[in-house]
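See below for the structure under consideration.
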Amino acid sequence: MARNKESLLLLLDVGPSMHNVLPDVEKACSMLIVKKLMHGKYDEAGIVLFGTTETDNELTTEVGGYEHVMVLKNIKVVDGDIVDALQQLPRGTANGDFLDAIIVGMDMLIKKFGDTNTGKKRLCLITNALCPIKDPFEGTKEDQVSTIAKQMTAYGMRMESIIVRGKHVHAVNKRIMDENDSLLSIFSKETDARLLYVEDSVSLFGALRARNISLVTVFRGDLEVSPKLRIKVWVYKKTAEEKFPTLKKYSDKAPTKDLSATHEVKVDFEYKKSEDSKDVVPPDQRIKGYSYGPQVVPISSVEWEAVKFKPEKGVKLLGFTDSSNIFRHHYMKDVFIFIAEPGNKKATLTVSALARAMKEMNKVAILRCVWRHGQGNVTIGVLTPNVSDREDIMDSFYLNVLPFAEDVREFQFPSFSKLPAYLQPNQQQLEASDNLVKMFDLAPDGEEKVLLPEFTPNPILERLYHYLDLKSKHPDAAVPPLDNTLKKITVPDADLLTQNKSVIDTLRMSFELKENPKRKKSRNLLQEKGSHYCEGEDKIKVTALPVDLVEHAPNVKVEKIGDITPVQDFEAMLSRRDSPDWVDKAIKGMSNKIFDLVEDSHKGDNYPKALEYLIALRKGCILVQEKDLRSFCDYLVSGGVTLISKAEAVDSEATDDEARSFLVKSEPVVF
């Protein structure tokens with residue numbers, strides 16, 4: 001038997017009041033079994049429906065009662081048959097009694113497992129709990145629920161109660177709803193049960209847990225506060241990234257009738273000398289090495305083992321600091337939870353006292369953690385108090401891993417204040433941006449939070465599971481479009497956008513969108529009209545933008561061409577009318593910028609920018625009606641810039657004389 005093998009019994013309400021949400025229940029439950037086929041192929045599952053028209057269960061035959069409860073699938077190893085059954089649930093016509101369904105489910109688990117498989121038997125109840133519960137023959141409903149809860153504990157059963165209700169429940173008997181909520185809360189108090197309320201399909205997907213994660217400690221030992229004070233603690237992982245399923249190599253060469261074939265592909269590697277590809281190098285003659293400059297430094301396994309850092313196992317307190325000194329963006333990796341050693345009253349009292357004192361003083365602790373012997377690294381983390389407000393839950397700590405100096409990325413980004421005044425946002429633009437952020441707030445004032453992490457499934461994984469199920473039934477099936485439920489996670493809410501259309505329109509009108517010349521692709525340049533130069537048969541056409549420079553120039557007096565926005569600075573200088581010298585200064589400044597880029601270029605990495613600036617220079621000369629570009633050519637000559645000659649590059653077609661005379665004005669011959 002697999003270590004984490006679980007037996008799951010789904011108790012599903014299919015009564016009339018659930019018909020509107022049953023499509024979501026079908027998708028969520030079938031996806032649950034698909035995940036089990038991926039991660040827990042030895043798990044077992046069964047389906048019990050209540051609120052059905054028919055009655056089909058063993059308790060009705062044996063003792064009577066338990067009407068409108070039907071066993072759709074008996075408990076068995078998960079397979080595609082259970083998935084198909086969940087995708088087409090029958091619609092019932094009777095009110096569902098969830099207590100009857102729970103008792104029928106417990107009876108099935110007890111008959112199959114007895115008091116074995118403790119902790120691996122799970123009931124999952126999905127209902128809206130809006131229908132009345134029948135009165136028991138003896139005692140009250142509360143007494144009946146308490147009795148059932150005690151039996152669950154005795155047989156090692158767990159239960160999840162998922163109550164599916166929308167935000168606004170209409171036309172219901174509030175007294176019945178409150179009574180059912182009270183009964184279900186008794187289960188969560190008296191036995192190992194979880195009570196969840198979900199409002200939409202996204203939360204329903206996230207509430208159903210497929211994998212049975214075993215509760216395993218990463219550390220058991222002393223939290224060393226000082227040499228004279230040690231606290232017995234257990235440490236668990238609180239969160240861990242769900243890894244993407246690994247694709248395995250598969251072979252179809254095995255006979256189709258061989259049921260014992262694993263279709264497994266084994267891969268063997270052989271190492272051979274480069275000068276002699278026939279001889280295989282044995283493992284004892286192979287060694288690893290590190291690149292160190294131009295050479296490779298070989299390091300044997302013995303040397304590598306000797307150079308390894310081998311810290312001692314233990315968790316030690318390095319000190320305390322104000323919580324404001326630890327930044328949230330420095331948290332790394334997974335989160336751990338520290339609890340006092342179970343059953344140790346002194347440890348429990350010490351952890352509680354320390355956690356409450358740290359919270360009162362707004363302090364956090366810095367720890368040095370080595371979880372096990374032989375661990376090759378040391379973890380430095382921040383310990384944050386987690387004070388409980390419930391008597392049945394003890395105080396604890398959360399540990400977040402902190403980075404070392406090599407792990408921190410201190411990227412410096414330019415501020416708006418360094419940009420020209422005409423590029424800085426005005427007050428209207430700032431307010432429009434603030435309103436847009438507030439519009440997308442997932443936790444607005446007075447309303448419940450949406451997309452809570454504990455109820456939001458990973459859309460990438462969900463889509464993969466859905467496609468695998470489809471592919472198993474239809475090998476040639478194409479990838480289907482994204483499910484509407486998953487779209488609610490990956491795209492903005494359409495209703496939210498409609499309600500806040502005025503906010504979006506205000507933002508749109510506050511900013512003028514212009515084409516960024518840096519993003520223009522070469523294929524667009526080929527379609528432009530204007531002058532061109534030829535190189536062989538290839539032609540590149542360059543033209544000015546259709547925006548009038550003088551009309552759209554910013555009202556800022558720019559006196560030189562800077563490094564951040566040279567094109568905008570060039571246009572601003574050309575638009576100045578307080579002196580005719582600004583045109584010459586602009587042309588000369590942009591020319592210098594182009595020369596600097598070309599001269600400092602390495603393997604042509606600056607050529608795209610040089611071309612962009614040259615386009616802007618040509619455009620500016622046209623718009624200010626600089627018909628005579630002789631000054632620019634003279635500037636090229638004065639700088640000694642000519643064509644590339646054959647003496648400089650073998651593949652050049654220009655001789656030395658042609659290169660020197662390219663920009664030299666030819667004088668007319670006088671006879």
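Chain labels A, B, ... are given in the sequence in which chains occur in the structure tokens; within each chain residues are numbered consecutively from 1, and ligands are likewise numbered from 1 in the order shown.
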Q: From a DSSP calculation on the backbone, collect every residue of range 310-405 of chain A in helix (DSSP H, G or I) and output the set as number ranges by chain.
A: A: 323-325, 328-330, 345-360, 405
Would you put the residues from that selection into a file with N, CA, C and O atoms, as a PDB file, in the first residue's frame?
ATOM      1  N   SER A 323      10.711  45.371  13.399  1.00  0.00           N
ATOM      2  CA  SER A 323      10.126  44.774  12.189  1.00  0.00           C
ATOM      3  C   SER A 323      10.252  45.695  10.987  1.00  0.00           C
ATOM      4  O   SER A 323      10.279  45.233   9.844  1.00  0.00           O
ATOM      5  N   SER A 324      10.360  47.017  11.232  1.00  0.00           N
ATOM      6  CA  SER A 324      10.483  47.964  10.122  1.00  0.00           C
ATOM      7  C   SER A 324      11.825  47.850   9.404  1.00  0.00           C
ATOM      8  O   SER A 324      11.982  48.352   8.287  1.00  0.00           O
ATOM      9  N   ASN A 325      12.795  47.180  10.033  1.00  0.00           N
ATOM     10  CA  ASN A 325      14.111  47.030   9.410  1.00  0.00           C
ATOM     11  C   ASN A 325      14.167  45.884   8.410  1.00  0.00           C
ATOM     12  O   ASN A 325      15.161  45.747   7.687  1.00  0.00           O
ATOM     13  N   ARG A 328       9.723  43.464   3.116  1.00  0.00           N
ATOM     14  CA  ARG A 328       8.955  42.338   2.586  1.00  0.00           C
ATOM     15  C   ARG A 328       9.549  41.815   1.283  1.00  0.00           C
ATOM     16  O   ARG A 328       9.529  40.613   1.033  1.00  0.00           O
ATOM     17  N   HIS A 329      10.109  42.694   0.456  1.00  0.00           N
ATOM     18  CA  HIS A 329      10.630  42.240  -0.835  1.00  0.00           C
ATOM     19  C   HIS A 329      11.941  41.462  -0.698  1.00  0.00           C
ATOM     20  O   HIS A 329      12.464  40.959  -1.701  1.00  0.00           O
ATOM     21  N   HIS A 330      12.469  41.361   0.519  1.00  0.00           N
ATOM     22  CA  HIS A 330      13.668  40.558   0.747  1.00  0.00           C
ATOM     23  C   HIS A 330      13.347  39.106   1.107  1.00  0.00           C
ATOM     24  O   HIS A 330      14.259  38.292   1.222  1.00  0.00           O
ATOM     25  N   LYS A 345       4.469  21.334  27.843  1.00  0.00           N
ATOM     26  CA  LYS A 345       3.804  22.526  28.368  1.00  0.00           C
ATOM     27  C   LYS A 345       4.779  23.677  28.583  1.00  0.00           C
ATOM     28  O   LYS A 345       4.444  24.840  28.331  1.00  0.00           O
ATOM     29  N   LYS A 346       5.991  23.369  29.053  1.00  0.00           N
ATOM     30  CA  LYS A 346       6.966  24.431  29.267  1.00  0.00           C
ATOM     31  C   LYS A 346       7.344  25.101  27.947  1.00  0.00           C
ATOM     32  O   LYS A 346       7.460  26.325  27.869  1.00  0.00           O
ATOM     33  N   ALA A 347       7.554  24.285  26.909  1.00  0.00           N
ATOM     34  CA  ALA A 347       7.894  24.840  25.601  1.00  0.00           C
ATOM     35  C   ALA A 347       6.743  25.675  25.046  1.00  0.00           C
ATOM     36  O   ALA A 347       6.950  26.754  24.474  1.00  0.00           O
ATOM     37  N   THR A 348       5.507  25.174  25.220  1.00  0.00           N
ATOM     38  CA  THR A 348       4.334  25.911  24.744  1.00  0.00           C
ATOM     39  C   THR A 348       4.221  27.268  25.428  1.00  0.00           C
ATOM     40  O   THR A 348       3.961  28.289  24.782  1.00  0.00           O
ATOM     41  N   LEU A 349       4.418  27.283  26.745  1.00  0.00           N
ATOM     42  CA  LEU A 349       4.330  28.534  27.498  1.00  0.00           C
ATOM     43  C   LEU A 349       5.443  29.494  27.101  1.00  0.00           C
ATOM     44  O   LEU A 349       5.216  30.702  26.938  1.00  0.00           O
ATOM     45  N   THR A 350       6.660  28.980  26.901  1.00  0.00           N
ATOM     46  CA  THR A 350       7.789  29.833  26.532  1.00  0.00           C
ATOM     47  C   THR A 350       7.596  30.431  25.144  1.00  0.00           C
ATOM     48  O   THR A 350       7.851  31.620  24.928  1.00  0.00           O
ATOM     49  N   VAL A 351       7.157  29.613  24.169  1.00  0.00           N
ATOM     50  CA  VAL A 351       6.912  30.113  22.811  1.00  0.00           C
ATOM     51  C   VAL A 351       5.831  31.185  22.826  1.00  0.00           C
ATOM     52  O   VAL A 351       5.948  32.237  22.178  1.00  0.00           O
ATOM     53  N   SER A 352       4.762  30.943  23.584  1.00  0.00           N
ATOM     54  CA  SER A 352       3.666  31.912  23.656  1.00  0.00           C
ATOM     55  C   SER A 352       4.132  33.232  24.270  1.00  0.00           C
ATOM     56  O   SER A 352       3.821  34.316  23.771  1.00  0.00           O
ATOM     57  N   ALA A 353       4.896  33.146  25.361  1.00  0.00           N
ATOM     58  CA  ALA A 353       5.374  34.357  26.026  1.00  0.00           C
ATOM     59  C   ALA A 353       6.306  35.154  25.113  1.00  0.00           C
ATOM     60  O   ALA A 353       6.206  36.388  25.014  1.00  0.00           O
ATOM     61  N   LEU A 354       7.213  34.443  24.436  1.00  0.00           N
ATOM     62  CA  LEU A 354       8.158  35.114  23.541  1.00  0.00           C
ATOM     63  C   LEU A 354       7.437  35.750  22.351  1.00  0.00           C
ATOM     64  O   LEU A 354       7.737  36.893  21.961  1.00  0.00           O
ATOM     65  N   ALA A 355       6.465  35.030  21.756  1.00  0.00           N
ATOM     66  CA  ALA A 355       5.735  35.559  20.605  1.00  0.00           C
ATOM     67  C   ALA A 355       4.933  36.797  20.977  1.00  0.00           C
ATOM     68  O   ALA A 355       4.925  37.797  20.242  1.00  0.00           O
ATOM     69  N   ARG A 356       4.266  36.764  22.112  1.00  0.00           N
ATOM     70  CA  ARG A 356       3.442  37.904  22.521  1.00  0.00           C
ATOM     71  C   ARG A 356       4.313  39.110  22.901  1.00  0.00           C
ATOM     72  O   ARG A 356       3.945  40.261  22.635  1.00  0.00           O
ATOM     73  N   ALA A 357       5.459  38.857  23.514  1.00  0.00           N
ATOM     74  CA  ALA A 357       6.364  39.963  23.843  1.00  0.00           C
ATOM     75  C   ALA A 357       6.917  40.611  22.575  1.00  0.00           C
ATOM     76  O   ALA A 357       7.009  41.846  22.482  1.00  0.00           O
ATOM     77  N   MET A 358       7.284  39.791  21.587  1.00  0.00           N
ATOM     78  CA  MET A 358       7.808  40.336  20.327  1.00  0.00           C
ATOM     79  C   MET A 358       6.745  41.146  19.595  1.00  0.00           C
ATOM     80  O   MET A 358       7.036  42.210  19.028  1.00  0.00           O
ATOM     81  N   LYS A 359       5.493  40.657  19.612  1.00  0.00           N
ATOM     82  CA  LYS A 359       4.427  41.404  18.952  1.00  0.00           C
ATOM     83  C   LYS A 359       4.153  42.723  19.658  1.00  0.00           C
ATOM     84  O   LYS A 359       3.950  43.763  19.011  1.00  0.00           O
ATOM     85  N   GLU A 360       4.164  42.708  20.978  1.00  0.00           N
ATOM     86  CA  GLU A 360       3.901  43.925  21.734  1.00  0.00           C
ATOM     87  C   GLU A 360       4.998  44.972  21.501  1.00  0.00           C
ATOM     88  O   GLU A 360       4.719  46.173  21.424  1.00  0.00           O
ATOM     89  N   ALA A 405      24.257  38.966   0.773  1.00  0.00           N
ATOM     90  CA  ALA A 405      24.612  40.116  -0.067  1.00  0.00           C
ATOM     91  C   ALA A 405      24.631  39.742  -1.548  1.00  0.00           C
ATOM     92  O   ALA A 405      24.225  40.530  -2.410  1.00  0.00           O
TER      93      ALA A 405
END
Q. Which neighbours of Ile163 in chain A fall inside 8 Å, counting only C-alpha atoms, when residues of the same chain fewer than 2 positions from it are skipped, and could you give them as a ChimeraX atom specification?
A. /A:126-129,161,165,195-198
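Interatomic distance, CA of Val296 in chain A to CA of Asp279 in chain A: 22.9 Å.
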Q.
Need the shell around range 149-159 of chain A: protein/DNA/RNA residues with any atom at most 9 Å away, counting only C-alpha atoms. Skip same-chain ones fewer than 4 positions apart. Format as a ChimeraX atom specification?
A. /A:106,109-110,114-125,144-145,186-188,190-195
Could you write those residues out with N, CA and C atoms, as a CSV table (one decimal), in the first residue's frame?
chain,number,residue,atom,x,y,z
A,106,MET,N,-20.0,7.5,5.8
A,106,MET,CA,-19.3,6.9,6.9
A,106,MET,C,-19.5,5.4,7.0
A,109,LEU,N,-17.3,3.7,4.4
A,109,LEU,CA,-15.8,3.7,4.8
A,109,LEU,C,-15.6,2.7,5.9
A,110,ILE,N,-16.5,2.6,6.9
A,110,ILE,CA,-16.4,1.6,8.0
A,110,ILE,C,-16.4,0.2,7.5
A,114,GLY,N,-12.9,-0.5,8.2
A,114,GLY,CA,-13.0,-0.7,9.7
A,114,GLY,C,-12.3,0.4,10.4
A,115,ASP,N,-11.5,0.1,11.4
A,115,ASP,CA,-10.7,1.1,12.1
A,115,ASP,C,-9.3,1.2,11.6
A,116,THR,N,-9.0,0.6,10.4
A,116,THR,CA,-7.6,0.8,9.8
A,116,THR,C,-7.6,2.0,8.9
A,117,ASN,N,-6.4,2.2,8.3
A,117,ASN,CA,-6.3,3.4,7.3
A,117,ASN,C,-6.6,4.7,8.0
A,118,THR,N,-6.2,4.8,9.3
A,118,THR,CA,-6.5,6.0,10.1
A,118,THR,C,-5.9,7.2,9.5
A,119,GLY,N,-6.6,8.3,9.4
A,119,GLY,CA,-6.1,9.5,8.9
A,119,GLY,C,-6.1,9.6,7.4
A,120,LYS,N,-6.4,8.5,6.7
A,120,LYS,CA,-6.4,8.5,5.2
A,120,LYS,C,-7.8,8.4,4.6
A,121,LYS,N,-8.8,8.4,5.5
A,121,LYS,CA,-10.2,8.4,5.1
A,121,LYS,C,-10.8,9.8,5.1
A,122,ARG,N,-11.3,10.2,4.0
A,122,ARG,CA,-11.7,11.6,3.9
A,122,ARG,C,-13.1,11.7,3.3
A,123,LEU,N,-14.0,12.5,3.9
A,123,LEU,CA,-15.3,12.8,3.4
A,123,LEU,C,-15.3,14.2,2.9
A,124,CYS,N,-15.8,14.5,1.7
A,124,CYS,CA,-15.8,15.8,1.1
A,124,CYS,C,-17.3,16.2,0.8
A,125,LEU,N,-17.9,17.0,1.6
A,125,LEU,CA,-19.3,17.4,1.4
A,125,LEU,C,-19.4,18.7,0.7
A,144,GLN,N,-27.3,14.7,17.7
A,144,GLN,CA,-27.0,13.8,16.6
A,144,GLN,C,-25.7,14.1,15.9
A,145,VAL,N,-25.4,15.4,15.7
A,145,VAL,CA,-24.2,15.8,15.0
A,145,VAL,C,-23.0,15.5,15.9
A,186,ILE,N,-20.3,22.5,14.3
A,186,ILE,CA,-20.0,21.5,15.4
A,186,ILE,C,-19.0,20.5,14.9
A,187,PHE,N,-19.1,20.1,13.6
A,187,PHE,CA,-18.1,19.1,13.1
A,187,PHE,C,-16.7,19.7,13.2
A,188,SER,N,-16.5,21.0,12.8
A,188,SER,CA,-15.2,21.6,12.8
A,188,SER,C,-14.6,21.8,14.2
A,190,GLU,N,-15.5,19.6,17.0
A,190,GLU,CA,-15.4,18.4,17.7
A,190,GLU,C,-14.7,17.3,17.0
A,191,THR,N,-14.3,17.5,15.7
A,191,THR,CA,-13.6,16.5,15.0
A,191,THR,C,-12.6,17.1,14.0
A,192,ASP,N,-11.9,16.3,13.3
A,192,ASP,CA,-10.9,16.8,12.3
A,192,ASP,C,-11.7,17.1,11.0
A,193,ALA,N,-12.3,18.3,11.0
A,193,ALA,CA,-13.1,18.8,9.9
A,193,ALA,C,-12.8,20.2,9.5
A,194,ARG,N,-13.0,20.5,8.3
A,194,ARG,CA,-12.7,21.8,7.8
A,194,ARG,C,-14.0,22.4,7.2
A,195,LEU,N,-14.4,23.6,7.5
A,195,LEU,CA,-15.6,24.2,7.1
A,195,LEU,C,-15.2,25.4,6.2
Q: Enter the distance from CA of Lys438 in chain A to CA of Thr506 in chain A, in Å, rounded to one decimal.
A: 13.8 Å
